[in-house]
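Below is one structure, written out as structure tokens, with a few remarks after it.
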Amino acid sequence: MHDDEWIAVSHANCEHVAGPFYHGTRADLSVGDLLTAGFTSNYDERVVMNHVYFTAIAKGAGLAAEMARGAGRPRVYVVVPTGTFEDDPNVTNKKFRGNPTRSYRSTLPLKVVGELDSWEPYDEEFIAELRRRVGEGMGEIIN
């Protein structure tokens, strides 16, 4: 898709976005569990999230799992939205036009339908640098 072909994903048109979709976390979940909003942000402990976030790129969910708070191991779950969703405004139209990370958010739950055994990891140095930037308060969260 070329930049001039990008169409924002909104609650009104999200049905055209094809999965599979993924959610990265350190939580130990089971098939059938629902992921919901209302938890503390992984990026700013002062923020309780109004949305649950997901992506159509397994590697991106893997990065979210690495960044997630908690003692469990990083996990990437295959999820299905239970309702409408929109582009994640925290990454859409930021460094690049559109939503190249294919990241989305919803106020409605995501249903866990599976778990990946593996995914393409990010470089350890990149993860360490991102953790450092998050620790320094790298930017405002659009909640």
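Lettering and numbering for the structure tokens are positional, with chains as A, B, ... in the shown order, residues counted from 1 in each chain, and ligands counted from 1 in the shown order.
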Shell of 6 Å around range 5-12 of chain A, only C-alpha atoms, local chain residues under 3 positions omitted, as a VMD selection string: chain A and resid 2 84 to 87
Nearest-residue call for Ser118 in chain A, choices A:Thr36, A:Val76, A:Glu15, A:Met67, using only C-alpha atoms: A:Val76
Separation of CA of Leu34 in chain A from CA of Lys111 in chain A in Å: 4.6 Å
A:Thr92, A:Thr25, A:Asn13, A:Asn99 ranked by distance to Ser41 in chain A, top pick (using only C-alpha atoms): A:Thr25
Once you count only C-alpha atoms, what closest atom pair and distance in Å to one decimal does each residue of range 11-61 of chain A within 12 Å of range 126-131 of chain A have, with rows by chain and rising residue number, as JSON lines?
{"residue": "A:Asn42", "atom": "CA", "partner": "A:Arg131", "partner_atom": "CA", "distance": 10.4}
{"residue": "A:Tyr43", "atom": "CA", "partner": "A:Arg131", "partner_atom": "CA", "distance": 8.9}
{"residue": "A:Asp44", "atom": "CA", "partner": "A:Arg131", "partner_atom": "CA", "distance": 11.6}
{"residue": "A:Gly60", "atom": "CA", "partner": "A:Ile127", "partner_atom": "CA", "distance": 11.8}
All residues 9 Å or closer to Asp28 in chain A, only C-alpha atoms, same chain fewer than 3 positions away omitted, as a list in words: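 Surrounding residues, per the criterion: Thr25, Gly72, Arg73 and Arg75 of chain A.
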For the residues in that selection, give me N, CA and C atoms as a PDB file, in the first residue's frame.
ATOM      1  N   THR A  25       2.086  -9.733  26.302  1.00  0.00           N
ATOM      2  CA  THR A  25       1.970  -9.503  27.734  1.00  0.00           C
ATOM      3  C   THR A  25       2.868 -10.483  28.483  1.00  0.00           C
ATOM      4  N   GLY A  72       6.273 -12.612  34.905  1.00  0.00           N
ATOM      5  CA  GLY A  72       6.121 -13.749  33.999  1.00  0.00           C
ATOM      6  C   GLY A  72       6.976 -13.606  32.750  1.00  0.00           C
ATOM      7  N   ARG A  73       7.038 -14.666  31.991  1.00  0.00           N
ATOM      8  CA  ARG A  73       7.813 -14.623  30.742  1.00  0.00           C
ATOM      9  C   ARG A  73       7.013 -13.884  29.674  1.00  0.00           C
ATOM     10  N   ARG A  75       4.882 -13.315  26.539  1.00  0.00           N
ATOM     11  CA  ARG A  75       3.961 -14.198  25.820  1.00  0.00           C
ATOM     12  C   ARG A  75       3.254 -13.403  24.728  1.00  0.00           C
TER      13      ARG A  75
END
